[in-house]
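*Asks:* Sending over a structure as structure tokens; questions will come in a sec.
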Amino acid sequence: MRAITLKENGGIENLRFSEIERPKPNHGEVLVKVKAISINPVDAGVRRDKATLQRMLRPKEGEDTFILGWDISGVVEEAGSNVTEFEKGDEVFGMVNFPGNGRAYAEYVAAPANQLALKPKNVSHEEAAAATLAALTAWQGLVTNAKIEKGDKVLVHAAGGGVGHYAVQIAKSFGAHVIATGSSSKKDFVMKLGADEFIDYTAEKFEDKVKDADIVLDSISDPDHLLRSIAATKEGGKVVSIKSNFGDVHLNAAKARGLQTFRILVESNGEDMKQIAKLLGEGKVRSHVSARYKFEDFPKSHEQIETGKTMGKIVVVV
Ligand SMILES: NC(=O)c1ccc[n+]([C@@H]2O[C@H](COP(=O)([O-])OP(=O)(O)OC[C@H]3O[C@@H](n4cnc5c(N)ncnc54)[C@H](OP(=O)(O)O)[C@@H]3O)[C@@H](O)[C@H]2O)c1
């Protein structure tokens with residue numbers, strides 16, 4: 001089968017087109033014939049940097065060639081032993097083994113059945129592949145950790161990107177009031193997703209306009225930005241960071257105002273995938289796929305994700 005492999009960390013040219021053996025599904029796994037793969041900023045981080053690769057892929061000792069990626073949608077080709085939930089021909093999607101070795105940049109992926117969900121019929125493989133790592137991050141941030149409730153005022157940063165565009169829609173599905181940040185080029189897109197207010201971060205300081213958020217979802221790689229998010233949260237509110245770590249300065253500021261802080265790393269979880277599938281099936285959440293690449297053009301997907309300016313999601317069609 002065709003796969004994209006990586007031997008040495010580095011630039012996009014280090015992604016190699018390879019012919020390798022098709023994996024076999026182990027106990028509890030299904031073999032998925034992949035139709036679409038979605039790309040995330042962490043993919044590029046793992047490609048570039050050895051420490052990030054070790055942290056995210058958790059390779060076995062001696063492993064020296066890697067297949068990146070975690071997000072897939074496809075068709076079950078074969079069910080391994082002890083799999084009762086899915087059978088050959090089922091259309092499934094999910095984030096495979098994150099953190100860990102998803103080996104998703106390939107034509108076939110062996111995936112734990114309990115990390116997948118059935119793809120809703122009204123959603124394409126491209127849209128389903130998109131709604132995996134990014135959508136799960138938004139779900140686990142807002143729902144699992146911050147326990148979002150109807151009427152909450154939720155500040156979603158980077159609302160035009162992969163995680164942000166799902167976070168806006170998930171928050172709205174809970175009946176929250178959503179304030180979104182992004183550059184002006186994302187305003188129309190984000191408002192159409194259902195956001196109630198938009199703040200252009202290049203023109204205004206969000207903490208001047210928002211001081212009473214119940215929940216803030218911060219995805220910006222800047223400790224000072226996280227401090228500003230704390231300032232935008234009301235007493236007793238919650239700050240979820242998916243990027244910057246909370247240092248002493250953040251924790252002290254949060255404690256002084258009785259805030260709860262959550263620094264999360266998304267995790268594979270089939271139950272959460274089913275919640276995402278339900279929202280997609282009901283049309284409450286939609287994937288916006290702004291760019292599609294052919295498998296032959298795989299490296300271009302890394303060029304795009306590294307711009308840091310992606311609108312919605314990008315996918316590779318297999
Ligand atoms: N902890 C976890 O488990 C986890 C999971 C997923 C992602 N992440 C991290 O979260 C970050 C976002 O991921 P993603 O998939 O959403 O990335 P993405 O699809 O590349 O989107 C990033 C978005 O951020 C916007 N942006 C950049 N600077 C901004 C700022 N100062 N304020 C508001 N918006 C800004 C960009 O567009 P504009 O500037 O045009 O608005 C872009 O739309 C990445 O760093 C990623 O590694 C962490």
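Simple scheme: letters A, B, ... for chains in structure tokens order, numbers from 1 for residues in each chain, numbers from 1 for ligands in the order shown.
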Using only C-alpha atoms and all ligand atoms, which protein or nucleic acid residues are at most 7 Å from ligand 1, as a compact mmCIF listing (two decimals) with all heavy atoms, in the first residue's frame?
*Replies:*
```txt
# COMPACT_ATOMS: atom_id res chain seq x y z
N ASN A 40 -3.27 18.34 10.91
CA ASN A 40 -3.30 19.25 12.06
C ASN A 40 -1.93 19.90 12.26
O ASN A 40 -0.92 19.34 11.81
CB ASN A 40 -3.65 18.45 13.32
CG ASN A 40 -5.03 17.85 13.24
OD1 ASN A 40 -6.02 18.56 13.34
ND2 ASN A 40 -5.11 16.54 13.03
N PRO A 41 -1.90 21.02 12.99
CA PRO A 41 -0.59 21.64 13.26
C PRO A 41 0.39 20.68 13.93
O PRO A 41 1.59 20.71 13.65
CB PRO A 41 -0.95 22.80 14.20
CG PRO A 41 -2.36 23.16 13.84
CD PRO A 41 -3.02 21.87 13.49
N VAL A 42 -0.12 19.78 14.79
CA VAL A 42 0.80 18.85 15.48
C VAL A 42 1.50 17.92 14.49
O VAL A 42 2.63 17.49 14.73
CB VAL A 42 0.04 18.06 16.58
CG1 VAL A 42 -1.00 17.13 15.99
CG2 VAL A 42 1.00 17.27 17.47
N LEU A 133 -9.48 14.93 15.33
CA LEU A 133 -8.65 15.53 16.38
C LEU A 133 -9.13 16.93 16.77
O LEU A 133 -9.27 17.24 17.96
CB LEU A 133 -7.17 15.57 15.93
CG LEU A 133 -6.15 16.00 16.97
CD1 LEU A 133 -4.80 15.31 16.77
CD2 LEU A 133 -5.93 17.51 17.01
N ALA A 134 -9.41 17.76 15.78
CA ALA A 134 -9.81 19.15 16.08
C ALA A 134 -11.17 19.19 16.79
O ALA A 134 -11.35 19.91 17.77
CB ALA A 134 -9.86 19.97 14.79
N THR A 137 -10.89 17.84 20.33
CA THR A 137 -10.24 18.82 21.22
C THR A 137 -11.26 19.84 21.72
O THR A 137 -11.32 20.15 22.92
CB THR A 137 -9.09 19.55 20.48
OG1 THR A 137 -8.18 18.58 19.97
CG2 THR A 137 -8.36 20.49 21.41
N HIS A 157 -11.01 31.45 21.15
CA HIS A 157 -9.93 32.07 20.37
C HIS A 157 -9.67 31.26 19.09
O HIS A 157 -9.94 30.06 19.03
CB HIS A 157 -8.64 32.13 21.20
CG HIS A 157 -8.71 33.15 22.29
ND1 HIS A 157 -8.90 34.49 22.04
CD2 HIS A 157 -8.63 33.03 23.64
CE1 HIS A 157 -8.93 35.15 23.19
NE2 HIS A 157 -8.77 34.29 24.18
N ALA A 158 -9.09 31.95 18.11
CA ALA A 158 -8.75 31.31 16.83
C ALA A 158 -9.95 30.58 16.26
O ALA A 158 -9.86 29.43 15.81
CB ALA A 158 -7.56 30.37 16.99
N ALA A 159 -11.09 31.27 16.28
CA ALA A 159 -12.36 30.62 15.93
C ALA A 159 -12.45 30.24 14.45
O ALA A 159 -13.29 29.43 14.08
CB ALA A 159 -13.52 31.54 16.30
N GLY A 160 -11.60 30.81 13.62
CA GLY A 160 -11.64 30.47 12.20
C GLY A 160 -10.81 29.24 11.84
O GLY A 160 -10.87 28.76 10.72
N GLY A 161 -10.06 28.71 12.82
CA GLY A 161 -9.19 27.56 12.54
C GLY A 161 -9.89 26.23 12.78
O GLY A 161 -11.11 26.18 13.02
N GLY A 162 -9.10 25.16 12.75
CA GLY A 162 -9.67 23.82 12.88
C GLY A 162 -10.41 23.63 14.20
O GLY A 162 -11.63 23.39 14.21
N VAL A 163 -9.71 23.75 15.31
CA VAL A 163 -10.36 23.55 16.61
C VAL A 163 -11.44 24.60 16.83
O VAL A 163 -12.56 24.29 17.24
CB VAL A 163 -9.32 23.63 17.76
CG1 VAL A 163 -10.00 23.54 19.12
CG2 VAL A 163 -8.26 22.53 17.62
N GLY A 164 -11.09 25.87 16.55
CA GLY A 164 -12.00 26.97 16.85
C GLY A 164 -13.33 26.85 16.15
O GLY A 164 -14.38 27.11 16.75
N THR A 181 -12.66 35.08 18.49
CA THR A 181 -11.58 35.93 17.99
C THR A 181 -10.98 35.33 16.72
O THR A 181 -11.01 34.12 16.50
CB THR A 181 -10.43 36.13 19.02
OG1 THR A 181 -9.70 34.91 19.16
CG2 THR A 181 -10.95 36.58 20.37
N GLY A 182 -10.44 36.22 15.91
CA GLY A 182 -9.78 35.81 14.68
C GLY A 182 -9.37 37.06 13.93
O GLY A 182 -9.69 38.18 14.37
N SER A 183 -8.68 36.88 12.81
CA SER A 183 -8.37 38.05 12.00
C SER A 183 -9.60 38.40 11.16
O SER A 183 -10.49 37.56 10.97
CB SER A 183 -7.16 37.79 11.10
OG SER A 183 -7.50 36.86 10.11
N SER A 185 -10.22 38.50 8.18
CA SER A 185 -10.51 37.61 7.04
C SER A 185 -11.40 36.43 7.44
O SER A 185 -12.00 35.78 6.60
CB SER A 185 -9.20 37.07 6.45
OG SER A 185 -8.54 36.26 7.41
N LYS A 186 -11.50 36.16 8.74
CA LYS A 186 -12.29 35.03 9.22
C LYS A 186 -13.68 35.46 9.71
O LYS A 186 -14.49 34.61 10.07
CB LYS A 186 -11.57 34.32 10.38
CG LYS A 186 -10.14 33.85 10.09
CD LYS A 186 -10.11 32.71 9.09
CE LYS A 186 -8.78 31.97 9.00
NZ LYS A 186 -7.61 32.75 8.62
N TYR A 201 -8.58 40.25 16.42
CA TYR A 201 -7.46 40.38 17.37
C TYR A 201 -6.35 41.28 16.86
O TYR A 201 -5.49 41.70 17.63
CB TYR A 201 -6.91 38.99 17.76
CG TYR A 201 -6.14 38.30 16.67
CD1 TYR A 201 -4.76 38.49 16.49
CD2 TYR A 201 -6.78 37.43 15.79
CE1 TYR A 201 -4.06 37.84 15.48
CE2 TYR A 201 -6.08 36.77 14.78
CZ TYR A 201 -4.73 37.00 14.63
OH TYR A 201 -4.05 36.36 13.63
N SER A 219 -6.02 28.82 22.47
CA SER A 219 -5.22 27.92 21.63
C SER A 219 -4.01 28.63 21.05
O SER A 219 -3.45 28.20 20.05
CB SER A 219 -6.10 27.41 20.48
OG SER A 219 -6.66 28.52 19.80
N ILE A 220 -3.63 29.74 21.68
CA ILE A 220 -2.57 30.57 21.12
C ILE A 220 -1.24 30.28 21.82
O ILE A 220 -1.18 30.19 23.05
CB ILE A 220 -2.92 32.07 21.26
CG1 ILE A 220 -4.33 32.35 20.68
CG2 ILE A 220 -1.86 32.95 20.60
CD1 ILE A 220 -4.52 32.01 19.22
N SER A 221 -0.19 30.16 21.02
CA SER A 221 1.13 29.82 21.56
C SER A 221 1.81 31.09 22.09
O SER A 221 2.69 31.64 21.44
CB SER A 221 1.96 29.18 20.45
OG SER A 221 3.20 28.80 20.94
N ILE A 242 -5.19 24.83 25.30
CA ILE A 242 -4.75 23.66 24.52
C ILE A 242 -3.35 23.90 23.96
O ILE A 242 -2.83 23.08 23.22
CB ILE A 242 -5.74 23.30 23.39
CG1 ILE A 242 -5.86 24.42 22.35
CG2 ILE A 242 -7.10 22.94 23.96
CD1 ILE A 242 -6.61 23.99 21.09
N LYS A 243 -2.74 25.03 24.33
CA LYS A 243 -1.41 25.31 23.76
C LYS A 243 -0.41 25.75 24.84
O LYS A 243 0.52 25.03 25.14
CB LYS A 243 -1.54 26.39 22.68
CG LYS A 243 -0.32 26.53 21.84
CD LYS A 243 -0.08 25.30 20.98
CE LYS A 243 1.29 25.31 20.34
NZ LYS A 243 1.53 24.09 19.56
N ILE A 264 -5.12 20.92 28.52
CA ILE A 264 -5.50 19.59 28.04
C ILE A 264 -4.70 19.16 26.81
O ILE A 264 -4.23 19.98 26.02
CB ILE A 264 -7.01 19.49 27.75
CG1 ILE A 264 -7.41 20.33 26.53
CG2 ILE A 264 -7.85 19.87 28.96
CD1 ILE A 264 -8.70 19.84 25.88
N LEU A 265 -4.56 17.86 26.69
CA LEU A 265 -4.07 17.21 25.47
C LEU A 265 -5.17 16.25 25.06
O LEU A 265 -5.60 15.42 25.86
CB LEU A 265 -2.77 16.44 25.74
CG LEU A 265 -2.13 15.77 24.53
CD1 LEU A 265 -1.68 16.80 23.49
CD2 LEU A 265 -0.93 14.91 24.96
N VAL A 266 -5.64 16.42 23.83
CA VAL A 266 -6.76 15.59 23.37
C VAL A 266 -6.38 14.10 23.43
O VAL A 266 -5.21 13.75 23.27
CB VAL A 266 -7.17 16.02 21.93
CG1 VAL A 266 -6.07 15.75 20.93
CG2 VAL A 266 -8.46 15.36 21.51
N ILE A 305 -0.75 23.86 6.41
CA ILE A 305 -0.99 23.88 7.87
C ILE A 305 0.06 24.73 8.57
O ILE A 305 -0.20 25.35 9.59
CB ILE A 305 -1.08 22.43 8.46
CG1 ILE A 305 -1.92 22.44 9.76
CG2 ILE A 305 0.28 21.81 8.72
CD1 ILE A 305 -3.37 22.72 9.60
N GLY A 308 -0.34 28.60 9.58
CA GLY A 308 -1.00 29.06 10.82
C GLY A 308 -2.23 29.90 10.54
O GLY A 308 -2.77 30.55 11.42
N LYS A 309 -2.67 29.93 9.29
CA LYS A 309 -3.79 30.80 8.87
C LYS A 309 -4.95 30.00 8.31
O LYS A 309 -5.85 30.58 7.69
CB LYS A 309 -3.28 31.78 7.79
CG LYS A 309 -2.34 32.82 8.33
CD LYS A 309 -3.15 33.93 8.94
CE LYS A 309 -2.32 34.89 9.75
NZ LYS A 309 -3.16 35.75 10.58
N THR A 310 -4.93 28.70 8.49
CA THR A 310 -5.94 27.85 7.86
C THR A 310 -7.35 28.23 8.32
O THR A 310 -7.58 28.53 9.49
CB THR A 310 -5.65 26.37 8.21
OG1 THR A 310 -4.41 26.03 7.59
CG2 THR A 310 -6.73 25.44 7.71
N MET A 311 -8.27 28.20 7.36
CA MET A 311 -9.69 28.40 7.68
C MET A 311 -10.33 27.03 7.77
O MET A 311 -10.21 26.23 6.83
CB MET A 311 -10.36 29.25 6.60
CG MET A 311 -11.78 29.64 6.99
SD MET A 311 -12.64 30.57 5.71
CE MET A 311 -11.87 32.15 5.81
N GLY A 312 -10.98 26.73 8.88
CA GLY A 312 -11.58 25.41 9.04
C GLY A 312 -10.49 24.34 8.96
O GLY A 312 -9.44 24.48 9.58
N LYS A 313 -10.74 23.32 8.12
CA LYS A 313 -9.82 22.18 8.08
C LYS A 313 -9.29 21.93 6.68
O LYS A 313 -9.89 22.35 5.70
CB LYS A 313 -10.58 20.91 8.51
CG LYS A 313 -10.93 20.86 9.98
CD LYS A 313 -9.71 20.68 10.87
CE LYS A 313 -8.95 19.40 10.54
NZ LYS A 313 -7.68 19.31 11.32
```
*Asks:* Set the distance at 12 Å and use only C-alpha atoms: which residues neighbour Thr144 (chain A) once local chain neighbours fewer than 4 positions away are removed? I'd like the list as number ranges by chain.
*Replies:* A: 136-140, 148-149, 240, 262, 264, 266-267, 269, 271-272, 275
*Asks:* Using N, CA, C and O atoms, can you write the selected residues to a file as a PDB file, in the first residue's frame?
*Replies:*
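For reference, result_19.pdb as written:
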```pdb
ATOM      1  N   LEU A 136     -12.611  16.718  18.476  1.00  0.00           N
ATOM      2  CA  LEU A 136     -12.482  16.100  19.803  1.00  0.00           C
ATOM      3  C   LEU A 136     -11.842  17.061  20.801  1.00  0.00           C
ATOM      4  O   LEU A 136     -12.207  17.080  21.985  1.00  0.00           O
ATOM      5  N   THR A 137     -10.886  17.845  20.328  1.00  0.00           N
ATOM      6  CA  THR A 137     -10.235  18.818  21.215  1.00  0.00           C
ATOM      7  C   THR A 137     -11.260  19.837  21.716  1.00  0.00           C
ATOM      8  O   THR A 137     -11.317  20.150  22.920  1.00  0.00           O
ATOM      9  N   ALA A 138     -12.067  20.340  20.787  1.00  0.00           N
ATOM     10  CA  ALA A 138     -13.103  21.300  21.173  1.00  0.00           C
ATOM     11  C   ALA A 138     -14.084  20.646  22.150  1.00  0.00           C
ATOM     12  O   ALA A 138     -14.469  21.238  23.164  1.00  0.00           O
ATOM     13  N   TRP A 139     -14.476  19.402  21.861  1.00  0.00           N
ATOM     14  CA  TRP A 139     -15.437  18.696  22.716  1.00  0.00           C
ATOM     15  C   TRP A 139     -14.848  18.466  24.113  1.00  0.00           C
ATOM     16  O   TRP A 139     -15.471  18.767  25.139  1.00  0.00           O
ATOM     17  N   GLN A 140     -13.631  17.914  24.137  1.00  0.00           N
ATOM     18  CA  GLN A 140     -13.040  17.577  25.443  1.00  0.00           C
ATOM     19  C   GLN A 140     -12.720  18.847  26.245  1.00  0.00           C
ATOM     20  O   GLN A 140     -12.803  18.847  27.472  1.00  0.00           O
ATOM     21  N   ILE A 148     -19.512  22.817  29.916  1.00  0.00           N
ATOM     22  CA  ILE A 148     -20.294  23.923  29.362  1.00  0.00           C
ATOM     23  C   ILE A 148     -21.791  23.726  29.620  1.00  0.00           C
ATOM     24  O   ILE A 148     -22.292  22.595  29.564  1.00  0.00           O
ATOM     25  N   GLU A 149     -22.473  24.835  29.890  1.00  0.00           N
ATOM     26  CA  GLU A 149     -23.929  24.785  30.122  1.00  0.00           C
ATOM     27  C   GLU A 149     -24.614  25.858  29.286  1.00  0.00           C
ATOM     28  O   GLU A 149     -24.002  26.861  28.911  1.00  0.00           O
ATOM     29  N   VAL A 240      -9.557  27.047  29.651  1.00  0.00           N
ATOM     30  CA  VAL A 240      -9.014  25.823  29.070  1.00  0.00           C
ATOM     31  C   VAL A 240      -7.918  26.230  28.089  1.00  0.00           C
ATOM     32  O   VAL A 240      -8.174  26.994  27.162  1.00  0.00           O
ATOM     33  N   PHE A 262      -7.530  24.437  33.088  1.00  0.00           N
ATOM     34  CA  PHE A 262      -7.382  23.115  32.484  1.00  0.00           C
ATOM     35  C   PHE A 262      -6.374  23.232  31.340  1.00  0.00           C
ATOM     36  O   PHE A 262      -6.610  23.987  30.398  1.00  0.00           O
ATOM     37  N   ILE A 264      -5.117  20.923  28.524  1.00  0.00           N
ATOM     38  CA  ILE A 264      -5.498  19.591  28.044  1.00  0.00           C
ATOM     39  C   ILE A 264      -4.703  19.159  26.810  1.00  0.00           C
ATOM     40  O   ILE A 264      -4.230  19.979  26.019  1.00  0.00           O
ATOM     41  N   VAL A 266      -5.645  16.418  23.827  1.00  0.00           N
ATOM     42  CA  VAL A 266      -6.763  15.585  23.366  1.00  0.00           C
ATOM     43  C   VAL A 266      -6.378  14.101  23.427  1.00  0.00           C
ATOM     44  O   VAL A 266      -5.208  13.748  23.275  1.00  0.00           O
ATOM     45  N   GLU A 267      -7.365  13.262  23.663  1.00  0.00           N
ATOM     46  CA  GLU A 267      -7.118  11.808  23.733  1.00  0.00           C
ATOM     47  C   GLU A 267      -8.124  11.066  22.874  1.00  0.00           C
ATOM     48  O   GLU A 267      -9.305  11.441  22.834  1.00  0.00           O
ATOM     49  N   ASN A 269     -10.941   8.667  21.896  1.00  0.00           N
ATOM     50  CA  ASN A 269     -12.055   8.251  22.744  1.00  0.00           C
ATOM     51  C   ASN A 269     -13.290   8.027  21.860  1.00  0.00           C
ATOM     52  O   ASN A 269     -13.857   8.969  21.305  1.00  0.00           O
ATOM     53  N   GLU A 271     -16.294   7.077  22.627  1.00  0.00           N
ATOM     54  CA  GLU A 271     -17.560   7.635  23.128  1.00  0.00           C
ATOM     55  C   GLU A 271     -17.693   9.101  22.711  1.00  0.00           C
ATOM     56  O   GLU A 271     -18.765   9.549  22.289  1.00  0.00           O
ATOM     57  N   ASP A 272     -16.602   9.845  22.831  1.00  0.00           N
ATOM     58  CA  ASP A 272     -16.625  11.249  22.387  1.00  0.00           C
ATOM     59  C   ASP A 272     -16.832  11.320  20.870  1.00  0.00           C
ATOM     60  O   ASP A 272     -17.543  12.209  20.373  1.00  0.00           O
ATOM     61  N   GLN A 275     -20.383  11.217  20.072  1.00  0.00           N
ATOM     62  CA  GLN A 275     -21.059  12.510  20.311  1.00  0.00           C
ATOM     63  C   GLN A 275     -20.845  13.451  19.116  1.00  0.00           C
ATOM     64  O   GLN A 275     -21.758  14.152  18.697  1.00  0.00           O
TER      65      GLN A 275
END
```
*Asks:* Report, in Å to a single decimal, how far apart CA of Leu155 (chain A) and CA of Gly283 (chain A) are.
*Replies:* 22.5 Å
*Asks:* Pick from A:Val168, A:Phe298, A:Asn97, A:Asp64: nearest to Glu29 (chain A), with only C-alpha atoms counted?
*Replies:*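 Looking only at the distances to Glu29 (chain A), the closest residue turns out to be A:Asn97.
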